[in-house]
file entry.cif (mmCIF, C-alpha atoms)
data_start
#
loop_
_atom_site.label_atom_id
_atom_site.label_comp_id
_atom_site.auth_asym_id
_atom_site.auth_seq_id
_atom_site.Cartn_x
_atom_site.Cartn_y
_atom_site.Cartn_z
CA MET J 1 13.76 28.36 17.53
CA SER J 2 15.23 25.04 18.52
CA THR J 3 16.47 22.58 15.97
CA PRO J 4 14.45 19.45 15.19
CA LEU J 5 15.12 16.49 17.46
CA ARG J 6 18.34 15.07 16.09
CA ASN J 7 18.76 11.77 17.77
CA THR J 8 16.81 8.69 16.91
CA SER J 9 19.49 6.43 18.33
CA PRO J 10 18.24 3.52 20.40
CA LEU J 11 21.20 4.03 22.71
CA SER J 12 19.70 6.68 24.90
CA PRO J 13 16.02 5.93 25.32
CA VAL J 14 13.69 8.00 27.42
CA SER J 15 15.28 6.97 30.71
CA ALA J 16 18.68 8.20 29.66
CA ARG J 17 17.93 11.42 27.88
CA PHE J 18 18.26 13.46 31.02
CA PRO J 19 20.69 11.34 33.04
CA LEU J 20 21.03 12.20 36.69
CA GLY J 21 23.51 10.88 39.20
CA ARG J 22 23.40 10.06 42.85
CA SER J 23 24.73 12.91 44.91
CA ARG J 24 28.38 12.42 45.81
CA THR J 25 27.70 13.94 49.16
CA SER J 26 24.97 11.47 49.99
CA HIS J 27 25.36 7.89 51.06
CA ALA J 28 25.07 5.11 48.53
CA THR J 29 21.60 3.64 48.46
CA SER J 30 22.52 0.52 46.50
CA THR J 31 24.76 -1.69 48.54
CA GLY J 32 25.03 -5.29 49.64
CA PRO J 33 27.49 -8.08 50.23
CA SER J 34 29.45 -9.88 47.50
CA SER J 35 27.86 -12.93 45.93
CA GLU J 36 29.27 -16.45 46.13
CA PRO J 37 32.32 -17.35 44.00
CA GLY J 38 31.15 -18.58 40.62
CA VAL J 39 28.21 -16.22 40.57
CA ARG J 40 30.10 -12.93 40.80
CA PRO J 41 31.00 -11.29 37.47
CA PHE J 42 34.64 -11.91 36.52
CA GLY J 43 35.47 -8.21 36.30
CA LEU J 44 34.48 -7.65 39.92
CA ARG J 45 37.19 -9.99 41.14
CA PHE J 46 39.49 -7.05 40.73
CA ALA J 47 37.50 -4.52 42.74
CA THR J 48 40.05 -3.33 45.23
CA THR J 49 39.71 -3.08 48.95
CA PRO J 50 40.17 0.51 50.01
CA THR J 51 43.06 1.36 52.24
CA ALA J 52 42.72 3.53 55.29
CA GLU J 53 43.70 6.52 53.17
CA ARG J 54 41.06 9.20 53.04
CA ALA J 55 40.69 12.33 51.00
CA PRO J 56 42.30 15.36 52.65
CA GLN J 57 40.13 17.10 55.20
CA SER J 58 38.56 20.12 53.61
CA PRO J 59 37.24 23.17 55.42
CA ALA J 60 33.52 23.42 56.09
CA TRP J 61 31.60 25.18 53.36
CA ARG J 62 28.22 26.66 52.67
CA LEU J 63 26.59 27.83 49.49
CA ASP J 64 26.57 31.60 49.03
CA PRO J 65 23.17 32.14 47.39
CA HIS J 66 24.21 35.47 45.88
CA ARG J 67 27.53 34.47 44.34
CA GLN J 68 26.22 30.91 43.76
CA ILE J 69 29.47 29.32 44.85
CA ALA J 70 30.59 27.50 47.95
CA ILE J 71 32.38 29.67 50.48
CA VAL J 72 34.40 28.75 53.53
CA ASP J 73 32.05 28.76 56.48
CA ASP J 74 34.20 30.96 58.71
CA GLY J 75 32.76 34.40 57.99
CA THR J 76 35.52 35.47 55.59
CA GLY J 77 33.58 34.79 52.39
CA MET J 78 36.60 33.09 50.88
CA PRO J 79 35.62 30.90 47.89
CA TRP J 80 35.89 27.30 49.01
CA TYR J 81 37.52 26.18 45.75
CA ARG J 82 40.44 28.55 46.33
CA GLN J 83 40.88 27.31 49.86
CA VAL J 84 41.08 23.65 48.77
CA ALA J 85 43.29 24.33 45.73
CA GLY J 86 46.61 22.58 46.14
CA SER J 87 45.32 20.20 48.78
CA GLY J 88 44.56 17.45 46.31
CA SER J 89 40.84 18.02 46.62
CA MET J 90 40.58 18.88 42.94
CA LYS J 91 40.97 15.19 42.17
CA THR J 92 37.34 14.93 42.99
CA THR J 93 34.49 17.34 42.94
CA GLY J 94 33.48 16.83 46.49
CA PRO J 95 34.17 15.00 49.70
CA SER J 96 33.18 11.37 49.77
CA SER J 97 31.02 10.46 52.69
CA ASP J 98 30.25 6.93 51.71
CA GLY J 99 33.23 5.39 53.41
CA GLY J 100 35.44 4.98 50.38
CA PRO J 101 38.58 6.67 49.16
CA SER J 102 38.81 8.93 46.17
CA THR J 103 38.67 6.91 43.01
CA GLY J 104 39.72 9.64 40.69
CA GLY J 105 36.71 11.85 40.58
CA GLU J 106 35.13 10.04 37.64
CA GLU J 107 32.46 8.81 39.95
CA TRP J 108 29.37 10.31 38.43
CA THR J 109 27.00 7.37 38.25
CA PRO J 110 24.07 8.53 36.20
CA ASP J 111 20.99 6.49 35.64
CA PHE J 112 21.87 5.31 32.16
CA VAL J 113 21.25 1.70 33.02
CA ALA J 114 18.27 1.88 35.31
CA ASN J 115 16.62 4.24 37.67
CA ALA J 116 17.87 2.24 40.61
CA ASP J 117 18.33 5.25 42.80
CA GLN J 118 14.83 6.34 42.09
CA MET H 1 28.57 45.37 28.86
CA ASP H 2 25.93 46.36 31.41
CA ALA H 3 22.85 44.33 32.21
CA GLY H 4 20.52 46.58 30.23
CA LEU H 5 22.59 46.37 27.09
CA ARG H 6 22.82 42.59 27.51
CA ARG H 7 19.02 42.34 27.56
CA GLU H 8 18.85 44.25 24.29
CA CYS H 9 21.32 41.80 22.79
CA GLY H 10 19.16 38.77 23.55
CA PRO H 11 19.48 35.89 25.99
CA VAL H 12 22.32 36.40 28.39
CA THR H 13 22.00 34.04 31.34
CA VAL H 14 24.06 30.89 31.82
CA LEU H 15 22.21 27.95 33.40
CA VAL H 16 24.47 25.74 35.51
CA LEU H 17 23.10 22.36 36.56
CA SER H 18 25.42 20.77 39.08
CA GLU H 19 25.73 19.43 42.56
CA ASP H 20 26.17 22.05 45.30
CA CYS H 21 29.70 21.00 46.19
CA ASP H 22 31.82 21.10 43.06
CA PRO H 23 34.94 23.29 43.13
CA SER H 24 35.37 23.08 39.37
CA VAL H 25 31.91 24.57 38.91
CA ASP H 26 32.59 27.20 41.54
CA ALA H 27 35.65 28.37 39.64
CA VAL H 28 33.67 28.77 36.41
CA VAL H 29 30.78 30.54 38.15
CA ASP H 30 33.26 32.83 39.92
CA GLU H 31 34.80 33.69 36.57
CA LEU H 32 31.36 34.39 35.05
CA ASN H 33 30.54 36.57 38.08
CA ARG H 34 33.78 38.45 37.51
CA ARG H 35 32.72 39.06 33.89
CA LYS H 36 29.26 40.14 35.14
CA VAL H 37 27.60 37.38 33.13
CA PRO H 38 24.26 36.45 34.74
CA VAL H 39 24.23 32.90 36.08
CA PHE H 40 21.39 30.75 37.36
CA ARG H 41 22.88 27.79 39.21
CA CYS H 42 20.88 24.93 40.64
CA ASP H 43 20.93 21.19 41.01
CA THR H 44 18.16 19.01 39.71
CA ALA H 45 18.14 17.58 43.24
CA TRP H 46 16.53 20.85 44.29
CA PHE H 47 13.45 19.93 42.25
CA PRO H 48 10.67 19.95 43.29
CA THR H 49 11.16 21.16 46.86
CA GLN H 50 13.62 24.04 46.32
CA LEU H 51 13.37 24.64 42.59
CA GLY H 52 10.19 25.81 40.90
CA LEU H 53 9.28 25.42 37.23
CA ASP H 54 6.60 27.44 35.47
CA ALA H 55 6.78 26.72 31.74
CA GLN H 56 4.10 27.41 29.16
CA LEU H 57 4.29 26.53 25.50
CA ARG H 58 4.08 29.69 23.38
CA ASP H 59 4.73 29.78 19.63
CA GLY H 60 6.64 26.52 19.70
CA CYS H 61 8.91 27.55 22.56
CA TRP H 62 8.80 26.94 26.28
CA ALA H 63 8.37 30.30 27.99
CA GLY H 64 8.23 30.85 31.71
CA SER H 65 10.73 30.61 34.50
CA LEU H 66 12.78 28.68 36.97
CA CYS H 67 12.99 29.97 40.49
CA THR H 68 14.59 29.23 43.82
CA GLY H 69 14.14 30.95 47.14
CA TYR H 70 16.83 33.44 46.14
CA ARG H 71 16.46 34.11 42.43
CA GLY H 72 14.60 33.36 39.26
CA VAL H 73 15.34 33.27 35.55
CA ARG H 74 13.15 33.52 32.49
CA LEU H 75 13.64 30.50 30.26
CA LEU H 76 13.90 32.75 27.20
CA ASP H 77 16.75 34.65 28.86
CA LEU H 78 18.95 31.54 28.89
CA ARG H 79 21.84 31.53 26.49
CA SER H 80 23.70 28.37 27.44
CA ALA H 81 23.48 25.49 29.88
CA TRP H 82 26.27 23.55 31.58
CA TYR H 83 25.17 20.00 32.31
CA ARG H 84 27.77 19.24 34.92
CA GLN H 85 26.85 16.03 36.71
CA PRO H 86 23.48 17.09 38.15
CA THR H 87 21.96 14.72 40.65
CA THR H 88 18.68 12.96 41.02
CA PHE H 89 15.49 14.63 42.18
CA ARG H 90 14.91 14.84 45.92
CA LEU H 91 11.24 14.26 46.53
CA ARG H 92 9.22 15.09 49.60
CA GLU H 93 9.17 12.58 52.42
CA GLY H 94 6.25 10.26 52.91
CA LEU H 95 5.68 9.11 49.33
CA SER H 96 5.06 5.41 48.85
CA GLY H 97 7.33 3.42 46.54
CA PRO H 98 4.97 3.54 43.56
CA GLU H 99 4.23 7.22 44.19
CA ARG H 100 7.92 7.92 44.32
CA HIS H 101 8.54 6.08 41.06
CA HIS H 102 5.73 8.01 39.42
CA ALA H 103 6.92 11.36 40.77
CA MET H 104 10.51 10.70 39.63
CA TRP H 105 9.40 9.99 36.10
CA GLU H 106 7.09 12.99 36.02
CA ALA H 107 9.98 15.18 37.19
CA LYS H 108 12.40 13.74 34.66
CA LEU H 109 10.09 14.04 31.70
CA GLY H 110 8.66 17.37 32.82
CA LEU H 111 11.65 19.39 33.99
CA GLY H 112 14.10 17.43 31.86
CA GLY H 113 11.90 17.71 28.80
CA VAL H 114 11.44 21.47 29.09
CA LEU H 115 15.13 22.09 29.66
CA CYS H 116 16.26 19.79 26.85
CA ASP H 117 14.06 21.65 24.38
CA LEU H 118 15.46 25.08 25.21
CA PRO H 119 17.31 26.60 22.24
CA VAL H 120 20.55 27.07 24.14
CA LEU H 121 24.09 25.85 23.79
CA TRP H 122 24.38 22.74 25.97
CA VAL H 123 27.71 21.71 27.42
CA ASN H 124 27.00 18.84 26.83
CA PRO H 125 23.58 18.03 25.42
CA PRO H 126 22.19 15.54 27.98
CA ALA H 127 21.19 12.91 25.43
CA ARG H 128 24.58 13.12 23.70
CA GLU H 129 26.22 12.64 27.07
CA ALA H 130 24.10 9.56 27.57
CA ASP H 131 25.09 8.13 24.19
CA ALA H 132 28.76 8.83 24.85
CA ALA H 133 28.64 6.62 27.95
CA TYR H 134 28.60 3.54 25.72
CA LYS H 135 32.24 2.53 25.40
CA PRO H 136 31.70 0.24 22.41
CA VAL H 137 30.25 3.22 20.56
CA GLN H 138 33.17 5.40 21.63
CA LEU H 139 35.73 2.82 20.53
CA ALA H 140 34.20 2.26 17.11
CA THR H 141 33.66 6.00 16.61
CA ALA H 142 37.28 6.73 17.51
CA ALA H 143 38.53 4.08 15.08
CA ARG H 144 36.33 5.44 12.31
CA CYS H 145 37.67 8.93 13.07
CA GLY H 146 41.22 7.80 12.37
CA LEU H 147 42.44 7.33 15.94
CA THR H 148 44.50 4.30 16.92
CA VAL H 149 42.42 2.04 19.16
CA PRO H 150 43.82 -0.99 20.97
CA PRO H 151 42.41 -4.36 19.89
CA THR H 152 39.30 -4.81 22.01
CA LEU H 153 36.95 -7.67 22.85
CA ILE H 154 33.54 -7.43 24.46
CA THR H 155 32.13 -10.78 25.41
CA ASN H 156 30.46 -13.02 27.95
CA ARG H 157 32.18 -16.16 26.54
CA PRO H 158 35.29 -17.51 28.31
CA GLU H 159 36.55 -19.22 25.15
CA ALA H 160 36.56 -15.85 23.39
CA VAL H 161 38.73 -14.43 26.17
CA ARG H 162 41.21 -17.30 25.81
CA ARG H 163 41.34 -16.80 22.03
CA PHE H 164 41.86 -13.04 22.41
CA ALA H 165 44.57 -13.52 25.04
CA ALA H 166 46.38 -16.00 22.79
CA GLU H 167 46.27 -13.52 19.92
CA HIS H 168 47.96 -10.95 22.12
CA GLU H 169 50.42 -13.19 23.96
CA GLY H 170 48.53 -12.81 27.21
CA GLN H 171 49.02 -9.04 27.28
CA VAL H 172 45.39 -8.28 28.01
CA VAL H 173 43.58 -6.08 30.52
CA VAL H 174 40.01 -6.17 31.74
CA LYS H 175 38.26 -2.90 32.56
CA PRO H 176 34.69 -1.95 33.39
CA LEU H 177 32.32 -0.82 30.67
CA SER H 178 30.34 1.33 33.04
CA PHE H 179 31.19 2.55 36.51
CA GLY H 180 34.65 2.56 38.03
CA SER H 181 33.56 1.31 41.42
CA ILE H 182 31.05 -0.83 43.25
CA VAL H 183 29.56 -0.23 46.67
CA GLU H 184 29.50 -3.40 48.77
CA ASP H 185 28.76 -3.67 52.44
CA GLY H 186 28.55 0.10 52.51
CA VAL H 187 32.07 0.61 51.17
CA ARG H 188 32.96 1.95 47.73
CA ARG H 189 35.46 -0.38 46.07
CA PRO H 190 37.30 0.99 43.03
CA ILE H 191 37.60 -1.20 39.93
CA TYR H 192 40.79 -0.27 38.14
CA THR H 193 42.16 -1.62 34.89
CA HIS H 194 43.60 -5.04 35.64
CA PRO H 195 46.22 -6.91 33.53
CA LEU H 196 45.19 -10.55 33.34
CA THR H 197 47.61 -13.08 34.81
CA ALA H 198 48.02 -16.71 33.80
CA GLU H 199 46.07 -17.57 36.92
CA ASP H 200 43.20 -15.29 35.86
CA LEU H 201 43.14 -16.90 32.42
CA GLY H 202 43.09 -20.33 34.01
CA ASP H 203 39.84 -19.56 35.79
CA LEU H 204 37.46 -17.40 33.84
CA HIS H 205 34.36 -18.21 35.86
CA GLY H 206 32.12 -15.20 36.01
CA VAL H 207 32.86 -14.00 32.47
CA GLU H 208 29.53 -15.54 31.50
CA ALA H 209 27.75 -13.48 34.18
CA THR H 210 27.64 -10.31 32.10
CA ALA H 211 29.41 -8.37 29.33
CA HIS H 212 33.12 -7.74 29.89
CA LEU H 213 35.58 -5.52 28.07
CA PHE H 214 39.06 -6.91 27.37
CA GLN H 215 41.74 -4.92 25.63
CA ARG H 216 45.31 -5.43 24.53
CA TYR H 217 47.52 -3.96 27.23
CA ILE H 218 49.81 -1.16 26.07
CA ALA H 219 52.74 -2.46 28.07
CA ASP H 220 55.41 -0.13 26.70
CA LYS H 221 53.70 3.05 27.80
CA ALA H 222 55.93 6.11 27.83
CA PHE H 223 53.19 8.14 29.49
CA GLU H 224 49.46 8.62 29.47
CA ALA H 225 47.68 11.72 28.29
CA ARG H 226 44.51 13.40 29.49
CA VAL H 227 43.26 15.64 26.72
CA THR H 228 40.51 18.03 27.75
CA VAL H 229 38.50 19.50 24.91
CA VAL H 230 36.30 22.58 25.26
CA ALA H 231 34.60 23.32 21.94
CA ASP H 232 37.48 23.88 19.52
CA ARG H 233 40.18 24.26 22.17
CA ILE H 234 42.38 21.30 23.12
CA PHE H 235 44.29 21.14 26.41
CA ALA H 236 46.70 18.23 26.65
CA ALA H 237 48.49 16.99 29.74
CA ALA H 238 51.01 14.17 30.02
CA ILE H 239 50.58 11.95 33.06
CA HIS H 240 53.81 10.25 34.11
CA ALA H 241 53.29 7.37 36.51
CA GLY H 242 55.81 6.84 39.28
CA SER H 243 54.55 3.56 40.69
CA PRO H 244 53.68 0.12 39.29
CA ALA H 245 49.99 0.58 40.13
CA ALA H 246 49.84 3.99 38.48
CA ARG H 247 51.54 2.63 35.37
CA VAL H 248 48.57 0.31 34.84
CA ASP H 249 45.84 2.77 35.85
CA TRP H 250 46.86 6.26 36.94
CA ARG H 251 43.67 6.73 38.96
CA SER H 252 44.91 4.11 41.41
CA ASP H 253 47.78 6.19 42.80
CA TYR H 254 47.46 9.94 42.42
CA SER H 255 50.38 10.61 44.73
CA ALA H 256 52.71 8.94 42.23
CA LEU H 257 51.78 11.13 39.27
CA THR H 258 53.66 13.93 37.60
CA ILE H 259 51.44 15.97 35.32
CA THR H 260 52.87 18.31 32.70
CA VAL H 261 51.65 20.15 29.62
CA THR H 262 52.17 18.25 26.39
CA LYS H 263 51.31 18.65 22.72
CA VAL H 264 48.92 16.50 20.75
CA PRO H 265 50.13 15.36 17.32
CA GLU H 266 48.09 17.02 14.59
CA ARG H 267 46.72 13.71 13.30
CA VAL H 268 45.47 12.88 16.79
CA ALA H 269 43.96 16.34 17.24
CA THR H 270 42.09 15.91 13.97
CA GLY H 271 40.75 12.58 15.20
CA ILE H 272 39.71 14.08 18.54
CA ARG H 273 37.77 16.84 16.81
CA ALA H 274 36.08 14.26 14.60
CA VAL H 275 35.06 12.19 17.65
CA MET H 276 33.67 15.29 19.36
CA ALA H 277 31.60 16.08 16.28
CA ALA H 278 30.44 12.51 15.80
CA LEU H 279 29.33 12.19 19.42
CA GLY H 280 27.84 15.70 19.48
CA LEU H 281 29.96 16.81 22.45
CA VAL H 282 31.15 20.29 23.37
CA PHE H 283 33.24 19.12 26.33
CA GLY H 284 35.19 15.87 26.59
CA ALA H 285 38.04 14.39 28.62
CA PHE H 286 40.01 11.96 26.47
CA ASP H 287 42.45 9.38 27.76
CA PHE H 288 45.36 8.10 25.70
CA ALA H 289 48.30 5.79 26.34
CA VAL H 290 51.39 6.92 24.47
CA ASP H 291 53.83 4.11 23.80
CA ALA H 292 57.59 4.13 23.46
CA GLN H 293 57.29 4.54 19.68
CA GLY H 294 55.15 7.65 20.13
CA VAL H 295 51.88 6.04 19.08
CA TRP H 296 48.86 7.64 20.78
CA TRP H 297 46.49 4.79 21.69
CA TRP H 298 42.96 6.04 22.27
CA LEU H 299 41.43 4.62 25.44
CA GLU H 300 38.21 6.48 26.12
CA VAL H 301 36.38 9.77 26.36
CA ASN H 302 34.53 10.82 29.47
CA ALA H 303 31.91 13.39 28.57
CA SER H 304 31.73 14.46 32.23
CA GLY H 305 35.38 13.94 33.08
CA GLN H 306 37.21 15.87 35.74
CA TYR H 307 39.70 18.53 34.77
CA GLY H 308 40.36 20.36 38.03
CA PHE H 309 43.39 18.24 38.88
CA ILE H 310 44.85 18.87 35.42
CA GLU H 311 44.32 22.62 35.63
CA GLU H 312 45.74 22.71 39.13
CA ALA H 313 48.89 20.84 38.09
CA THR H 314 49.53 22.55 34.76
CA GLY H 315 47.82 25.92 34.78
CA LEU H 316 46.05 25.08 31.54
CA PRO H 317 43.16 27.61 31.33
CA ILE H 318 40.28 25.14 31.13
CA THR H 319 38.06 27.16 33.48
CA THR H 320 38.51 30.21 31.28
CA ALA H 321 37.71 28.21 28.17
CA LEU H 322 34.50 26.89 29.70
CA ALA H 323 33.49 30.38 30.80
CA ASP H 324 34.19 31.64 27.26
CA VAL H 325 31.98 29.00 25.68
CA LEU H 326 29.15 29.43 28.18
CA GLU H 327 29.27 33.22 27.91
CA LYS H 328 29.19 33.11 24.13
CA GLY H 329 26.35 30.57 23.84
CA GLN H 330 24.86 30.05 20.43
CA ARG H 331 21.82 32.29 19.97
#
call {"tool": "encode", "arguments": {"input": "entry.cif", "output": "structure tokens"}}
result
Amino acid sequence: MSTPLRNTSPLSPVSARFPLGRSRTSHATSTGPSSEPGVRPFGLRFATTPTAERAPQSPAWRLDPHRQIAIVDDGTGMPWYRQVAGSGSMKTTGPSSDGGPSTGGEEWTPDFVANADQ
Amino acid sequence: MDAGLRRECGPVTVLVLSEDCDPSVDAVVDELNRRKVPVFRCDTAWFPTQLGLDAQLRDGCWAGSLCTGYRGVRLLDLRSAWYRQPTTFRLREGLSGPERHHAMWEAKLGLGGVLCDLPVLWVNPPAREADAAYKPVQLATAARCGLTVPPTLITNRPEAVRRFAAEHEGQVVVKPLSFGSIVEDGVRRPIYTHPLTAEDLGDLHGVEATAHLFQRYIADKAFEARVTVVADRIFAAAIHAGSPAARVDWRSDYSALTITVTKVPERVATGIRAVMAALGLVFGAFDFAVDAQGVWWWLEVNASGQYGFIEEATGLPITTALADVLEKGQR
């Protein structure tokens, strides 16, 4: 039997109780140019311009439906996570395909604020 | 223990909700496979096209199943659930905007509601994870739990920023309250912690545009620490920055980092455990700045923080700890 609902906090209303993020392997759907100076939030002045550096190339993978892990797509069945270990790929949990560099892998952007992706 | 004996012992299956491509998840699932612990892995993005839900309320519990094209699981067979950054529902093509909005909400409240009510151990409970995203709550909770928190200001008033900077001799940083990047013109632009300069303080236009978080800068950092907590186990790593950029925000220059195992002072460990309990978390990635006097300044906790790079650099057995917790469950 589950416990009674614990949280009556106004912090996580209905929209946030099951927060879901945009897929890291999909392109950003919310994008646009910067606003005019004076309108842009102060904190965004310090958004950095990415360098040409890109995350290391990782081998192609596919999901093994029986083991439920990604495997290297070369017929060997090697777990993909073992193949990428040591390459720096563990900084993030997946390749970025939205044109930007790795920003530390803390890039889960759940819909706490709004369901903008929805 | 064989599968038959497991069934006699009660719920045995671990539910993993995550994106398809996540090497940290793969390592945990591989470990659970090795232990012969049944796993049902899916992403919420698979719903409704690749993930089926059939749940019926019986005796105050949701009974029924989840299924994919390859496997299924009875809801009452679930022992634990790992809420590891699942992604948004992928609906069928052709829906209008209003239909899409409706279908998204129906999916969230339907699938999300059934899953959230399951009597399983959640790592982490989704609503607790949502609460923990509020940095002001984290900061106040950490202070109340006995941790040392840098003086912090949250404001949309430029005069408050000037006052705060004067109080701290201009040693102030600004950092985002929410996401660490913004996508503009199709390019993701990271937003790292930024120490304010005299020039910044001379022109604070834009502070009034929204809430901003300012904090006293811990300038005499000896190192930073990433402390990963899995239930009652604490894994601490020291992050030594080898470049000016990494000294301010280690995420900005991974190639300049040296990561080693370190030990958390007992007083800090007690505070960490208290924060975990107060926020209702089972997993958390805590960031600290440790100054030259050995003071551990609490910066934040990320309830969905990454740990793969820490494990890779140090060998700390975080994957094993997660597998232990998920295998054990709570029922």
call {"tool": "resolve_selection", "arguments": {"input": "entry.cif", "expression": "the PyMOL selection byres ((chain H and resi 46-56) around 8)", "output": "list in words"}}
result
Cys42, Asp43, Thr44, Ala45, Leu57, Arg58, Trp62, Ala63, Gly64, Ser65, Leu66, Cys67, Thr68, Gly69, Leu75, Phe89, Arg90, Leu91, Arg92, Ala107, Leu111 and Val114 of chain H
call {"tool": "write_last_selection", "arguments": {"input": "entry.cif", "atoms": "C-alpha atoms", "output": "mmCIF file, in the coordinates of the input"}}
result
data_model
loop_
_atom_site.group_PDB
_atom_site.id
_atom_site.type_symbol
_atom_site.label_atom_id
_atom_site.label_comp_id
_atom_site.auth_asym_id
_atom_site.auth_seq_id
_atom_site.Cartn_x
_atom_site.Cartn_y
_atom_site.Cartn_z
ATOM 1 C CA CYS H 42 20.880 24.930 40.640
ATOM 2 C CA ASP H 43 20.930 21.190 41.010
ATOM 3 C CA THR H 44 18.160 19.010 39.710
ATOM 4 C CA ALA H 45 18.140 17.580 43.240
ATOM 5 C CA LEU H 57 4.290 26.530 25.500
ATOM 6 C CA ARG H 58 4.080 29.690 23.380
ATOM 7 C CA TRP H 62 8.800 26.940 26.280
ATOM 8 C CA ALA H 63 8.370 30.300 27.990
ATOM 9 C CA GLY H 64 8.230 30.850 31.710
ATOM 10 C CA SER H 65 10.730 30.610 34.500
ATOM 11 C CA LEU H 66 12.780 28.680 36.970
ATOM 12 C CA CYS H 67 12.990 29.970 40.490
ATOM 13 C CA THR H 68 14.590 29.230 43.820
ATOM 14 C CA GLY H 69 14.140 30.950 47.140
ATOM 15 C CA LEU H 75 13.640 30.500 30.260
ATOM 16 C CA PHE H 89 15.490 14.630 42.180
ATOM 17 C CA ARG H 90 14.910 14.840 45.920
ATOM 18 C CA LEU H 91 11.240 14.260 46.530
ATOM 19 C CA ARG H 92 9.220 15.090 49.600
ATOM 20 C CA ALA H 107 9.980 15.180 37.190
ATOM 21 C CA LEU H 111 11.650 19.390 33.990
ATOM 22 C CA VAL H 114 11.440 21.470 29.090
#
call {"tool": "resolve_selection", "arguments": {"input": "entry.cif", "expression": "the PyMOL selection byres ((chain J and resi 69) around 12)", "output": "PyMOL selection string"}}
result
(chain J and resi 61-68+70-73+77-82) or (chain H and resi 16+18-33+39-42)
call {"tool": "atom_distance", "arguments": {"input": "entry.cif", "atom1": "atom CA of J:Val39", "atom2": "atom CA of H:Gly206"}}
result
6.1 Å
call {"tool": "closest_residue", "arguments": {"input": "entry.cif", "among": "H:Asp77, H:Asp253, H:Glu159, H:Glu224", "to": "chain J", "atoms": "only C-alpha atoms"}}
result
H:Asp253
call {"tool": "atom_distance", "arguments": {"input": "entry.cif", "atom1": "atom CA of H:Gly202", "atom2": "atom CA of H:Leu153"}}
result
18.0 Å
call {"tool": "closest_residue", "arguments": {"input": "entry.cif", "among": "H:Asp117, H:Glu300, H:Glu93, H:Asp287", "to": "chain J", "atoms": "only C-alpha atoms"}}
result
H:Asp117
call {"tool": "resolve_selection", "arguments": {"input": "entry.cif", "expression": "the PyMOL selection byres ((chain H and resi 208) around 10)", "output": "list in words"}}
result
Gly38, Val39, Arg40, Pro41 and Phe42 of chain J; Thr155, Asn156, Arg157, Pro158, Leu204, His205, Gly206, Val207, Ala209, Thr210, Ala211 and His212 of chain H
call {"tool": "residues_around", "arguments": {"input": "entry.cif", "residues": "H:Leu322", "least_positions_apart": "3", "cutoff": "10 Å", "atoms": "all atoms listed in the file", "output": "PyMOL selection string"}}
result
chain H and resi 25+28-29+31-32+82+123+229-231+233+282-283+317-319+325-328
call {"tool": "atom_distance", "arguments": {"input": "entry.cif", "atom1": "atom CA of H:Pro86", "atom2": "atom CA of J:Gly21"}}
result
6.3 Å
call {"tool": "closest_residue", "arguments": {"input": "entry.cif", "among": "J:Thr48, J:Gln83, J:Ser35, J:Ser58", "to": "chain H", "atoms": "only C-alpha atoms"}}
result
J:Thr48
call {"tool": "closest_residue", "arguments": {"input": "entry.cif", "among": "H:Leu115, H:Leu177, H:Ile182, H:Val187", "to": "J:Pro50", "atoms": "all atoms listed in the file"}}
result
H:Val187
call {"tool": "axis_aligned_box", "arguments": {"input": "entry.cif", "around": "stretch 211-228 of chain H", "padding_each_side": "3 Å", "output": "AutoDock Vina command-line options"}}
result
--center_x 42.7 --center_y 4.8 --center_z 27.2 --size_x 32.5 --size_y 32.4 --size_z 11.4
call {"tool": "residues_near_point", "arguments": {"input": "entry.cif", "point": "(36.8, 9.2, 27.6)", "cutoff": "7 Å", "atoms": "only C-alpha atoms", "output": "list in words"}}
result
Gly284, Ala285, Phe286, Asp287, Leu299, Glu300, Val301, Asn302 and Ala303 of chain H
call {"tool": "residues_around", "arguments": {"input": "entry.cif", "residues": "H:Thr197", "least_positions_apart": "2", "cutoff": "9 Å", "atoms": "only C-alpha atoms", "output": "ChimeraX atom specification"}}
result
/H:170-172,195,199-202
call {"tool": "residues_near_point", "arguments": {"input": "entry.cif", "point": "(11.3, 8.1, 40.0)", "cutoff": "10 Å", "atoms": "all atoms listed in the file", "output": "VMD selection string"}}
result
(chain J and resid 115 to 118) or (chain H and resid 88 to 91 97 to 108)
call {"tool": "residues_around", "arguments": {"input": "entry.cif", "residues": "H:Pro176", "least_positions_apart": "5", "cutoff": "12 Å", "atoms": "all atoms listed in the file", "output": "PyMOL selection string"}}
result
(chain J and resi 41-47) or (chain H and resi 133-136+154+181-182+190-194+210-215+300)
